[in-house]
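Enquirer: For reference, this is protein.pdb, and it has PDB, C-alpha atoms.
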```pdb
ATOM      1  CA  MET A   1      24.232   5.558  28.675
ATOM      2  CA  SER A   2      22.043   8.601  29.113
ATOM      3  CA  GLN A   3      25.008  10.719  30.200
ATOM      4  CA  GLU A   4      26.904   9.474  27.165
ATOM      5  CA  LEU A   5      24.002  10.358  24.871
ATOM      6  CA  GLU A   6      23.541  13.716  26.542
ATOM      7  CA  ALA A   7      27.181  14.513  25.863
ATOM      8  CA  GLN A   8      26.726  13.529  22.215
ATOM      9  CA  HIS A   9      23.896  15.951  21.463
ATOM     10  CA  ASP A  10      24.448  19.661  21.244
ATOM     11  CA  ASP A  11      21.267  21.573  20.422
ATOM     12  CA  GLY A  12      23.165  24.341  18.632
ATOM     13  CA  VAL A  13      25.095  21.933  16.419
ATOM     14  CA  ASP A  14      21.950  19.912  15.661
ATOM     15  CA  PHE A  15      20.123  23.058  14.560
ATOM     16  CA  ALA A  16      23.072  24.222  12.459
ATOM     17  CA  VAL A  17      23.130  20.834  10.711
ATOM     18  CA  TYR A  18      19.378  21.140  10.076
ATOM     19  CA  LEU A  19      19.839  24.573   8.486
ATOM     20  CA  GLY A  20      22.714  23.179   6.410
ATOM     21  CA  LEU A  21      20.515  20.350   5.159
ATOM     22  CA  LEU A  22      17.791  22.813   4.135
ATOM     23  CA  ALA A  23      20.370  25.001   2.373
ATOM     24  CA  LEU A  24      21.734  22.024   0.445
ATOM     25  CA  THR A  25      18.174  21.036  -0.533
ATOM     26  CA  ALA A  26      17.644  24.529  -1.946
ATOM     27  CA  ALA A  27      21.002  24.287  -3.718
ATOM     28  CA  THR A  28      20.218  20.952  -5.361
ATOM     29  CA  VAL A  29      16.800  22.166  -6.583
ATOM     30  CA  GLY A  30      18.369  25.395  -7.847
ATOM     31  CA  ALA A  31      21.155  23.519  -9.642
ATOM     32  CA  ALA A  32      18.543  21.464 -11.492
ATOM     33  CA  TYR A  33      17.347  24.640 -13.227
ATOM     34  CA  ILE A  34      20.830  25.484 -14.469
ATOM     35  CA  HIS A  35      21.641  23.669 -17.676
ATOM     36  CA  LEU A  36      24.953  22.148 -16.674
ATOM     37  CA  GLY A  37      24.918  19.292 -19.130
ATOM     38  CA  ARG A  38      24.139  15.690 -18.412
ATOM     39  CA  ILE A  39      27.311  14.635 -16.624
ATOM     40  CA  PHE A  40      27.615  17.735 -14.459
ATOM     41  CA  ALA A  41      23.903  17.623 -13.584
ATOM     42  CA  VAL A  42      24.217  14.061 -12.322
ATOM     43  CA  ALA A  43      27.537  14.743 -10.569
ATOM     44  CA  THR A  44      26.170  17.862  -8.851
ATOM     45  CA  ALA A  45      22.976  16.145  -7.709
ATOM     46  CA  LEU A  46      24.810  13.099  -6.367
ATOM     47  CA  THR A  47      27.546  15.149  -4.685
ATOM     48  CA  ILE A  48      25.021  17.289  -2.826
ATOM     49  CA  ALA A  49      23.005  14.184  -1.883
ATOM     50  CA  ALA A  50      26.173  12.495  -0.586
ATOM     51  CA  CYS A  51      27.000  15.583   1.509
ATOM     52  CA  LYS A  52      23.492  15.583   3.020
ATOM     53  CA  ALA A  53      23.647  11.843   3.733
ATOM     54  CA  ALA A  54      27.066  12.278   5.378
ATOM     55  CA  MET A  55      25.788  15.125   7.570
ATOM     56  CA  ILE A  56      22.832  13.038   8.741
ATOM     57  CA  GLY A  57      25.058  10.013   9.335
ATOM     58  CA  LEU A  58      27.844  11.836  11.135
ATOM     59  CA  TYR A  59      25.785  14.223  13.257
ATOM     60  CA  TYR A  60      22.238  12.881  13.653
ATOM     61  CA  MET A  61      23.207   9.194  13.691
ATOM     62  CA  ASN A  62      26.324  10.098  15.694
ATOM     63  CA  LEU A  63      28.715   8.140  13.519
ATOM     64  CA  ARG A  64      31.442  10.699  14.240
ATOM     65  CA  ARG A  65      31.533   9.446  17.825
ATOM     66  CA  GLU A  66      30.898   5.767  17.123
ATOM     67  CA  ARG A  67      33.351   2.913  17.507
ATOM     68  CA  PRO A  68      35.487   2.053  14.456
ATOM     69  CA  PHE A  69      33.576  -1.206  14.188
ATOM     70  CA  MET A  70      30.353   0.679  13.333
ATOM     71  CA  HIS A  71      32.233   2.584  10.626
ATOM     72  CA  LEU A  72      33.421  -0.740   9.240
ATOM     73  CA  ILE A  73      29.808  -1.938   9.049
ATOM     74  CA  VAL A  74      28.661   1.193   7.206
ATOM     75  CA  TRP A  75      31.609   1.275   4.810
ATOM     76  CA  THR A  76      31.035  -2.372   3.945
ATOM     77  CA  GLY A  77      27.632  -1.374   2.585
ATOM     78  CA  ILE A  78      28.868   1.778   0.867
ATOM     79  CA  VAL A  79      31.740  -0.012  -0.876
ATOM     80  CA  ALA A  80      29.421  -2.825  -2.021
ATOM     81  CA  VAL A  81      27.037  -0.277  -3.573
ATOM     82  CA  LEU A  82      29.942   1.614  -5.173
ATOM     83  CA  ILE A  83      31.131  -1.647  -6.772
ATOM     84  CA  LEU A  84      27.652  -2.087  -8.230
ATOM     85  CA  LEU A  85      27.609   1.504  -9.493
ATOM     86  CA  PHE A  86      31.079   1.406 -11.051
ATOM     87  CA  GLY A  87      30.219  -1.928 -12.623
ATOM     88  CA  ILE A  88      27.617  -0.201 -14.808
ATOM     89  CA  ILE A  89      30.005   2.392 -16.230
ATOM     90  CA  PRO A  90      30.707   0.403 -19.443
ATOM     91  CA  ASP A  91      26.980   0.581 -20.213
ATOM     92  CA  VAL A  92      26.473   4.221 -19.346
ATOM     93  CA  SER A  93      25.239   6.396 -22.188
ATOM     94  CA  PHE A  94      27.050   9.721 -21.839
ATOM     95  CA  GLY A  95      25.673  11.095 -25.059
ATOM     96  CA  TRP A  96      29.176  11.665 -26.475
TER      97      TRP A  96
ATOM     98  CA  MET B   1      39.320 -16.505  26.752
ATOM     99  CA  SER B   2      40.302 -14.284  29.610
ATOM    100  CA  ALA B   3      42.389 -12.144  27.228
ATOM    101  CA  THR B   4      39.387 -11.754  24.949
ATOM    102  CA  THR B   5      37.231 -10.763  27.880
ATOM    103  CA  ALA B   6      39.761  -8.210  28.995
ATOM    104  CA  GLN B   7      40.074  -6.736  25.512
ATOM    105  CA  ASP B   8      36.327  -6.458  25.104
ATOM    106  CA  ALA B   9      35.692  -5.242  28.615
ATOM    107  CA  ASP B  10      34.754  -1.749  27.425
ATOM    108  CA  TRP B  11      31.955  -3.090  25.223
ATOM    109  CA  THR B  12      28.604  -2.665  26.935
ATOM    110  CA  GLU B  13      25.151  -4.124  26.393
ATOM    111  CA  GLU B  14      24.122  -0.863  24.726
ATOM    112  CA  ASP B  15      26.973  -1.230  22.248
ATOM    113  CA  GLY B  16      25.678  -4.703  21.379
ATOM    114  CA  GLY B  17      22.259  -3.227  20.614
ATOM    115  CA  ARG B  18      23.776  -0.596  18.378
ATOM    116  CA  VAL B  19      25.895  -3.183  16.548
ATOM    117  CA  GLY B  20      22.721  -5.159  15.831
ATOM    118  CA  LEU B  21      20.952  -2.064  14.555
ATOM    119  CA  TRP B  22      23.872  -1.003  12.358
ATOM    120  CA  LEU B  23      24.014  -4.506  10.895
ATOM    121  CA  PHE B  24      20.307  -4.194  10.116
ATOM    122  CA  ILE B  25      20.998  -0.839   8.467
ATOM    123  CA  LEU B  26      23.796  -2.506   6.471
ATOM    124  CA  SER B  27      21.258  -4.975   5.062
ATOM    125  CA  GLU B  28      19.035  -2.020   4.119
ATOM    126  CA  ILE B  29      21.956  -0.205   2.451
ATOM    127  CA  LEU B  30      22.562  -3.280   0.302
ATOM    128  CA  LEU B  31      18.858  -3.613  -0.498
ATOM    129  CA  PHE B  32      18.291   0.009  -1.527
ATOM    130  CA  GLY B  33      21.780   0.168  -3.081
ATOM    131  CA  GLY B  34      20.915  -2.705  -5.410
ATOM    132  CA  PHE B  35      17.695  -1.006  -6.484
ATOM    133  CA  LEU B  36      19.405   2.346  -7.007
ATOM    134  CA  ALA B  37      22.270   0.818  -9.024
ATOM    135  CA  SER B  38      19.713  -0.967 -11.179
ATOM    136  CA  TYR B  39      17.774   2.283 -11.677
ATOM    137  CA  LEU B  40      20.917   4.234 -12.569
ATOM    138  CA  SER B  41      22.116   1.589 -14.998
ATOM    139  CA  THR B  42      18.747   1.714 -16.759
ATOM    140  CA  ARG B  43      18.521   5.490 -16.699
ATOM    141  CA  LEU B  44      22.076   6.049 -17.873
ATOM    142  CA  GLY B  45      22.508   3.010 -20.079
ATOM    143  CA  ASN B  46      19.229   2.829 -21.971
ATOM    144  CA  ALA B  47      18.816   5.171 -24.906
ATOM    145  CA  GLU B  48      15.070   5.486 -24.316
ATOM    146  CA  CYS B  49      15.568   6.289 -20.641
ATOM    147  CA  ALA B  50      18.817   8.182 -20.878
ATOM    148  CA  LEU B  51      19.244  11.546 -19.282
ATOM    149  CA  GLY B  52      18.492  14.334 -21.666
ATOM    150  CA  VAL B  53      15.412  12.524 -22.910
ATOM    151  CA  VAL B  54      12.349  14.162 -21.408
ATOM    152  CA  SER B  55      11.035  11.686 -18.906
ATOM    153  CA  TRP B  56       8.458  13.944 -17.300
ATOM    154  CA  PRO B  57       6.124  16.270 -19.171
ATOM    155  CA  GLU B  58       7.133  19.735 -18.059
ATOM    156  CA  ALA B  59       3.887  20.656 -16.292
ATOM    157  CA  GLY B  60       3.737  17.407 -14.377
ATOM    158  CA  HIS B  61       7.395  17.611 -13.496
ATOM    159  CA  GLY B  62       6.836  20.993 -11.896
ATOM    160  CA  ALA B  63       4.038  19.718  -9.657
ATOM    161  CA  SER B  64       5.973  16.583  -8.763
ATOM    162  CA  LEU B  65       9.100  18.553  -7.936
ATOM    163  CA  ALA B  66       7.201  20.966  -5.687
ATOM    164  CA  LEU B  67       5.600  18.094  -3.763
ATOM    165  CA  ALA B  68       8.869  16.158  -3.540
ATOM    166  CA  THR B  69      10.722  19.247  -2.296
ATOM    167  CA  LEU B  70       8.031  19.740   0.344
ATOM    168  CA  ASN B  71       8.439  16.105   1.342
ATOM    169  CA  THR B  72      12.203  16.536   1.606
ATOM    170  CA  VAL B  73      11.717  19.465   3.984
ATOM    171  CA  LEU B  74       9.191  17.444   6.015
ATOM    172  CA  LEU B  75      11.555  14.478   6.427
ATOM    173  CA  LEU B  76      14.608  16.624   7.199
ATOM    174  CA  THR B  77      12.587  18.494   9.826
ATOM    175  CA  SER B  78      11.389  15.188  11.274
ATOM    176  CA  SER B  79      15.024  14.065  11.595
ATOM    177  CA  TYR B  80      15.791  17.260  13.485
ATOM    178  CA  THR B  81      12.854  16.773  15.869
ATOM    179  CA  MET B  82      13.934  13.145  16.311
ATOM    180  CA  VAL B  83      17.390  14.283  17.392
ATOM    181  CA  ARG B  84      15.749  16.669  19.850
ATOM    182  CA  ALA B  85      13.548  13.836  21.161
ATOM    183  CA  ILE B  86      16.602  11.623  21.785
ATOM    184  CA  SER B  87      18.405  14.499  23.436
ATOM    185  CA  ARG B  88      15.427  15.172  25.740
ATOM    186  CA  ALA B  89      15.107  11.469  26.584
ATOM    187  CA  SER B  90      18.793  11.318  27.539
ATOM    188  CA  ARG B  91      18.261  14.269  29.880
ATOM    189  CA  GLY B  92      15.274  12.590  31.528
ATOM    190  CA  ASP B  93      12.863  15.198  30.127
ATOM    191  CA  ALA B  94       9.881  12.928  29.379
ATOM    192  CA  ASP B  95       7.571  15.774  28.325
ATOM    193  CA  GLY B  96      10.138  17.210  25.938
ATOM    194  CA  PHE B  97      10.754  13.740  24.547
ATOM    195  CA  ARG B  98       7.033  13.149  23.910
ATOM    196  CA  ALA B  99       6.525  16.554  22.309
ATOM    197  CA  ASN B 100       9.429  16.141  19.898
ATOM    198  CA  LEU B 101       8.601  12.544  19.062
ATOM    199  CA  ALA B 102       4.968  13.530  18.427
ATOM    200  CA  ALA B 103       6.233  16.230  16.066
ATOM    201  CA  THR B 104       8.418  13.634  14.327
ATOM    202  CA  MET B 105       5.476  11.296  13.813
ATOM    203  CA  THR B 106       3.232  14.130  12.612
ATOM    204  CA  LEU B 107       5.835  15.148  10.043
ATOM    205  CA  GLY B 108       6.174  11.510   8.957
ATOM    206  CA  LEU B 109       2.420  11.276   8.471
ATOM    207  CA  GLY B 110       2.577  14.534   6.530
ATOM    208  CA  PHE B 111       5.187  12.985   4.245
ATOM    209  CA  LEU B 112       2.863  10.055   3.522
ATOM    210  CA  ALA B 113      -0.085  12.396   2.913
ATOM    211  CA  VAL B 114       1.884  14.495   0.417
ATOM    212  CA  LYS B 115       3.117  11.327  -1.278
ATOM    213  CA  GLY B 116      -0.504  10.167  -1.522
ATOM    214  CA  VAL B 117      -1.477  13.416  -3.242
ATOM    215  CA  GLU B 118       1.431  13.003  -5.669
ATOM    216  CA  TYR B 119       0.368   9.438  -6.512
ATOM    217  CA  TRP B 120      -3.216  10.606  -7.050
ATOM    218  CA  LEU B 121      -2.073  13.371  -9.416
ATOM    219  CA  LYS B 122       0.139  11.012 -11.380
ATOM    220  CA  VAL B 123      -2.425   8.235 -11.691
ATOM    221  CA  SER B 124      -5.169  10.683 -12.651
ATOM    222  CA  HIS B 125      -2.944  11.916 -15.508
ATOM    223  CA  GLY B 126      -2.197   8.370 -16.651
ATOM    224  CA  TRP B 127       1.362   8.323 -15.345
ATOM    225  CA  TYR B 128       1.539   4.727 -14.252
ATOM    226  CA  PRO B 129       3.025   1.595 -15.849
ATOM    227  CA  GLY B 130       0.681   0.030 -18.367
ATOM    228  CA  SER B 131      -1.366   3.159 -19.055
ATOM    229  CA  GLU B 132      -1.952   4.252 -22.641
ATOM    230  CA  PHE B 133       0.363   7.185 -22.076
ATOM    231  CA  ALA B 134       3.118   4.912 -20.694
ATOM    232  CA  ARG B 135       2.713   2.411 -23.533
ATOM    233  CA  SER B 136       3.281   5.151 -26.064
ATOM    234  CA  ASN B 137       6.463   6.221 -24.231
ATOM    235  CA  PRO B 138       8.576   3.125 -23.492
ATOM    236  CA  GLY B 139      11.235   5.086 -21.638
ATOM    237  CA  MET B 140       8.573   6.679 -19.460
ATOM    238  CA  SER B 141       7.054   3.286 -18.701
ATOM    239  CA  ILE B 142      10.393   1.963 -17.422
ATOM    240  CA  PHE B 143      10.947   5.123 -15.415
ATOM    241  CA  LEU B 144       7.475   4.917 -13.846
ATOM    242  CA  SER B 145       8.037   1.303 -12.825
ATOM    243  CA  TYR B 146      11.201   2.302 -10.972
ATOM    244  CA  TYR B 147       9.541   5.394  -9.563
ATOM    245  CA  TYR B 148       6.643   3.483  -7.998
ATOM    246  CA  LEU B 149       8.843   0.596  -6.854
ATOM    247  CA  LEU B 150      11.356   2.833  -5.089
ATOM    248  CA  THR B 151       8.910   5.312  -3.577
ATOM    249  CA  ILE B 152       6.430   2.678  -2.379
ATOM    250  CA  PHE B 153       9.271   0.649  -0.905
ATOM    251  CA  HIS B 154      10.573   3.759   0.838
ATOM    252  CA  GLY B 155       7.036   4.625   1.976
ATOM    253  CA  LEU B 156       6.735   1.211   3.626
ATOM    254  CA  HIS B 157       9.917   2.012   5.545
ATOM    255  CA  VAL B 158       8.411   5.327   6.657
ATOM    256  CA  ILE B 159       5.343   3.433   7.911
ATOM    257  CA  ALA B 160       7.600   0.962   9.766
ATOM    258  CA  GLY B 161       9.452   3.903  11.311
ATOM    259  CA  LEU B 162       6.169   5.472  12.418
ATOM    260  CA  VAL B 163       5.116   2.203  14.077
ATOM    261  CA  TRP B 164       8.491   1.958  15.829
ATOM    262  CA  ASN B 165       8.294   5.581  16.980
ATOM    263  CA  GLY B 166       4.736   5.016  18.193
ATOM    264  CA  ALA B 167       5.863   2.019  20.242
ATOM    265  CA  VAL B 168       8.635   4.056  21.883
ATOM    266  CA  TYR B 169       6.217   6.940  22.497
ATOM    267  CA  SER B 170       3.745   4.670  24.247
ATOM    268  CA  ALA B 171       6.548   3.192  26.381
ATOM    269  CA  ALA B 172       7.674   6.618  27.564
ATOM    270  CA  GLY B 173       5.550   6.630  30.695
ATOM    271  CA  ARG B 174       6.600   3.285  32.083
ATOM    272  CA  LEU B 175      10.335   3.012  31.305
ATOM    273  CA  PRO B 176      13.166   4.415  33.421
ATOM    274  CA  ALA B 177      15.031   7.272  31.746
ATOM    275  CA  PRO B 178      18.181   5.367  30.670
ATOM    276  CA  GLN B 179      16.138   2.586  29.096
ATOM    277  CA  LEU B 180      13.882   5.080  27.333
ATOM    278  CA  ALA B 181      16.932   6.953  26.017
ATOM    279  CA  ARG B 182      18.327   3.731  24.582
ATOM    280  CA  LYS B 183      15.048   2.803  22.865
ATOM    281  CA  ALA B 184      14.728   6.338  21.523
ATOM    282  CA  GLU B 185      18.258   6.136  20.133
ATOM    283  CA  TYR B 186      17.510   2.877  18.311
ATOM    284  CA  ALA B 187      14.269   4.226  16.841
ATOM    285  CA  GLY B 188      16.136   7.395  15.870
ATOM    286  CA  LEU B 189      18.868   5.519  14.005
ATOM    287  CA  TYR B 190      16.263   3.796  11.861
ATOM    288  CA  TRP B 191      14.320   7.013  11.268
ATOM    289  CA  HIS B 192      17.451   8.872  10.181
ATOM    290  CA  PHE B 193      18.350   6.048   7.814
ATOM    291  CA  VAL B 194      14.904   6.342   6.182
ATOM    292  CA  ASP B 195      15.658  10.051   5.788
ATOM    293  CA  VAL B 196      19.035   9.287   4.180
ATOM    294  CA  VAL B 197      17.331   7.000   1.639
ATOM    295  CA  TRP B 198      14.948   9.812   0.671
ATOM    296  CA  VAL B 199      17.844  12.276   0.404
ATOM    297  CA  LEU B 200      19.295   9.977  -2.290
ATOM    298  CA  LEU B 201      15.985   9.196  -4.004
ATOM    299  CA  PHE B 202      14.968  12.851  -4.301
ATOM    300  CA  PRO B 203      17.583  13.993  -6.856
ATOM    301  CA  LEU B 204      17.647  10.676  -8.688
ATOM    302  CA  LEU B 205      13.887  10.594  -9.280
ATOM    303  CA  TYR B 206      13.063  14.286  -9.602
ATOM    304  CA  LEU B 207      16.130  16.308 -10.528
ATOM    305  CA  ILE B 208      18.205  14.476 -13.120
TER     306      ILE B 208
END
```
Here is the file; what I need is its structure written in the form of structure tokens.
Expert:
Amino acid sequence: MSQELEAQHDDGVDFAVYLGLLALTAATVGAAYIHLGRIFAVATALTIAACKAAMIGLYYMNLRRERPFMHLIVWTGIVAVLILLFGIIPDVSFGW
Amino acid sequence: MSATTAQDADWTEEDGGRVGLWLFILSEILLFGGFLASYLSTRLGNAECALGVVSWPEAGHGASLALATLNTVLLLTSSYTMVRAISRASRGDADGFRANLAATMTLGLGFLAVKGVEYWLKVSHGWYPGSEFARSNPGMSIFLSYYYLLTIFHGLHVIAGLVWNGAVYSAAGRLPAPQLARKAEYAGLYWHFVDVVWVLLFPLLYLI
């Protein structure tokens, strides 16, 4: 197990991911000060957040090297939440 | 039966532990996902709460955003030190493991301290559900209810993560390296998930 874990962690990659996460944090704060309009503001914020979550999941939680069964578990949750989110679209106020 | 055993022969005890932890994380995804979908439906579907309506007074928003951005950096850094701790544990470097896990816990405590300051600032300015200010701004009152619900709930998860990390830290001296690496990995998975939740809460509560 320890050899397996050791093989899964590369200090250089981990640090690069960390720098990427900080850069995306700066980007999402910066984007909030640009008046993109309601829809683009939400889409930009959620897209950047999804990218950060994916980086943490794939690299820090090692999902990229996990068994397909673990991916099935995670996607079950993601799809369930997406169903909830898309279910609210008829009630969304876009301001149009 | 024998065919099943042969097919599953490459599954190990450690895999079973990770399956259990990922199933636990699945339950947390559904829990937070339900709250977030509810928040978004209110924020996007309610005219008084809709985006484009000022939900934070500008001055207060600035202070909140600065503190929340600091907290984001603290949690992201704690995830990085957690990864380093797991890596050191897997290499049998007990001292490196302790140092990085101690840094992780310190950063987690820092997150809670900053959050405490933010709560104090908000409450002292009357930004809490039921205050006179909130009653005069119905949209704000709804927003504040979600804000406190989601951030306190997340804060409780941070506290649980700190307790878990503390338990693994205290076990470092008496566990053999492979066992310590496994426990560190489990604690790390939970800690990273708490980080992921904050990564989603941050833009939804402070930036849109």
Enquirer: Using all atoms listed in the file, which chain B residues lie at most 8 Å away from chain A, written as an MDAnalysis selection string?
Expert: chainID B and resid 14 19 22:23 26:27 29:30 33:34 37 40:41 44:47 50:52 69 72:73 76:77 79:80 83:84 87 89:91 177:178 181:182 188:189 192:193 196 199:200 203:204 207:208
Enquirer: Would you output that residue set with C-alpha atoms, as a short mmCIF file (atom, residue, chain, number, x, y, z; two decimals), in the coordinates of the input?
Expert:
```
data_model
loop_
_atom_site.label_atom_id
_atom_site.label_comp_id
_atom_site.auth_asym_id
_atom_site.auth_seq_id
_atom_site.Cartn_x
_atom_site.Cartn_y
_atom_site.Cartn_z
CA GLU B 14 24.12 -0.86 24.73
CA VAL B 19 25.90 -3.18 16.55
CA TRP B 22 23.87 -1.00 12.36
CA LEU B 23 24.01 -4.51 10.90
CA LEU B 26 23.80 -2.51 6.47
CA SER B 27 21.26 -4.97 5.06
CA ILE B 29 21.96 -0.20 2.45
CA LEU B 30 22.56 -3.28 0.30
CA GLY B 33 21.78 0.17 -3.08
CA GLY B 34 20.92 -2.70 -5.41
CA ALA B 37 22.27 0.82 -9.02
CA LEU B 40 20.92 4.23 -12.57
CA SER B 41 22.12 1.59 -15.00
CA LEU B 44 22.08 6.05 -17.87
CA GLY B 45 22.51 3.01 -20.08
CA ASN B 46 19.23 2.83 -21.97
CA ALA B 47 18.82 5.17 -24.91
CA ALA B 50 18.82 8.18 -20.88
CA LEU B 51 19.24 11.55 -19.28
CA GLY B 52 18.49 14.33 -21.67
CA THR B 69 10.72 19.25 -2.30
CA THR B 72 12.20 16.54 1.61
CA VAL B 73 11.72 19.46 3.98
CA LEU B 76 14.61 16.62 7.20
CA THR B 77 12.59 18.49 9.83
CA SER B 79 15.02 14.06 11.60
CA TYR B 80 15.79 17.26 13.48
CA VAL B 83 17.39 14.28 17.39
CA ARG B 84 15.75 16.67 19.85
CA SER B 87 18.40 14.50 23.44
CA ALA B 89 15.11 11.47 26.58
CA SER B 90 18.79 11.32 27.54
CA ARG B 91 18.26 14.27 29.88
CA ALA B 177 15.03 7.27 31.75
CA PRO B 178 18.18 5.37 30.67
CA ALA B 181 16.93 6.95 26.02
CA ARG B 182 18.33 3.73 24.58
CA GLY B 188 16.14 7.40 15.87
CA LEU B 189 18.87 5.52 14.00
CA HIS B 192 17.45 8.87 10.18
CA PHE B 193 18.35 6.05 7.81
CA VAL B 196 19.04 9.29 4.18
CA VAL B 199 17.84 12.28 0.40
CA LEU B 200 19.30 9.98 -2.29
CA PRO B 203 17.58 13.99 -6.86
CA LEU B 204 17.65 10.68 -8.69
CA LEU B 207 16.13 16.31 -10.53
CA ILE B 208 18.20 14.48 -13.12
#
```
Enquirer: For the structure provided, state which residues fall under the PyMOL selection byres ((chain B and resi 107) around 12), and present them as a VMD selection string.
Expert: chain B and resid 70 to 82 100 to 106 108 to 114 158 to 159 161 to 162 191 195
Enquirer: Identify which of the residues B:Phe35, B:Trp198, B:Tyr119, B:Tyr186 lies closest to Ile86 of chain B, counting all atoms listed in the file when measuring atom-to-atom distances.
Expert: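 So, comparing all the options, the nearest one is B:Tyr186.
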Enquirer: Just need the box for segment 171-174 of chain B, edges along x, y and z, holding every atom the file lists for it with 3 Å tacked onto each side, so centre and edge lengths in Å to one decimal, as JSON.
Expert:
```
{"center_x": 6.6, "center_y": 4.9, "center_z": 29.2, "size_x": 8.1, "size_y": 9.4, "size_z": 11.7}
```
Enquirer: Can you measure atom CA of Val168 of chain B to atom CA of Ile152 of chain B for me? One decimal in Å is fine.
Expert: 24.4 Å
Enquirer: Calculate how many Å separate atom CA of Ala184 of chain B from atom CA of Gly96 of chain B, rounding to one decimal.
Expert: 12.6 Å
Enquirer: Compare B:Ala187, B:Arg135, B:Pro176, B:Ala68 by their minimum atom-to-atom distance to Leu21 of chain B, counting only C-alpha atoms, and give me the closest one.
Expert: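 Comparing B:Ala187, B:Arg135, B:Pro176, B:Ala68 against Leu21 of chain B, the winner is B:Ala187.
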Enquirer: Atom CA of Ala66 of chain B and atom CA of His125 of chain B are how many Å apart?
Expert: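 Those two atoms sit 16.8 Å apart.
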Enquirer: Which residues, named as in the file, does the PyMOL selection byres ((chain B and resi 126-133) around 12) pick out? Answer as a ChimeraX atom specification.
Expert: /B:55-57,60-61,64,118-125,134-149
Enquirer: Which residues are close to Arg98 of chain B, i.e. within 9 Å by all atoms listed in the file, leaving aside same-chain residues fewer than 5 positions away? Reply as an MDAnalysis selection string.
Expert: chainID B and resid 85 88:89 93 103 169 172
Enquirer: Taking N, CA and C atoms as the atom set, what does segment 177-189 of chain B look like once completed, written as a short mmCIF file (atom, residue, chain, number, x, y, z; two decimals), in the coordinates of the input?
Expert:
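Generated output (part_2.cif):
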```cif
data_model
loop_
_atom_site.label_atom_id
_atom_site.label_comp_id
_atom_site.auth_asym_id
_atom_site.auth_seq_id
_atom_site.Cartn_x
_atom_site.Cartn_y
_atom_site.Cartn_z
N ALA B 177 14.42 6.36 32.73
CA ALA B 177 15.03 7.27 31.75
C ALA B 177 16.15 6.64 30.91
N PRO B 178 17.10 5.92 31.52
CA PRO B 178 18.18 5.37 30.67
C PRO B 178 17.67 4.38 29.63
N GLN B 179 16.69 3.58 30.03
CA GLN B 179 16.14 2.59 29.10
C GLN B 179 15.37 3.28 27.97
N LEU B 180 14.62 4.33 28.34
CA LEU B 180 13.88 5.08 27.33
C LEU B 180 14.85 5.75 26.35
N ALA B 181 15.95 6.29 26.88
CA ALA B 181 16.93 6.95 26.02
C ALA B 181 17.51 5.96 25.01
N ARG B 182 17.76 4.75 25.48
CA ARG B 182 18.33 3.73 24.58
C ARG B 182 17.33 3.37 23.48
N LYS B 183 16.07 3.15 23.87
CA LYS B 183 15.05 2.80 22.86
C LYS B 183 14.84 3.95 21.88
N ALA B 184 14.88 5.17 22.40
CA ALA B 184 14.73 6.34 21.52
C ALA B 184 15.89 6.41 20.54
N GLU B 185 17.08 6.09 21.02
CA GLU B 185 18.26 6.14 20.13
C GLU B 185 18.13 5.11 19.01
N TYR B 186 17.67 3.92 19.33
CA TYR B 186 17.51 2.88 18.31
C TYR B 186 16.47 3.30 17.27
N ALA B 187 15.32 3.78 17.77
CA ALA B 187 14.27 4.23 16.84
C ALA B 187 14.78 5.37 15.98
N GLY B 188 15.59 6.25 16.60
CA GLY B 188 16.14 7.40 15.87
C GLY B 188 17.09 6.98 14.76
N LEU B 189 17.93 5.99 15.04
CA LEU B 189 18.87 5.52 14.00
C LEU B 189 18.11 5.05 12.77
#
```
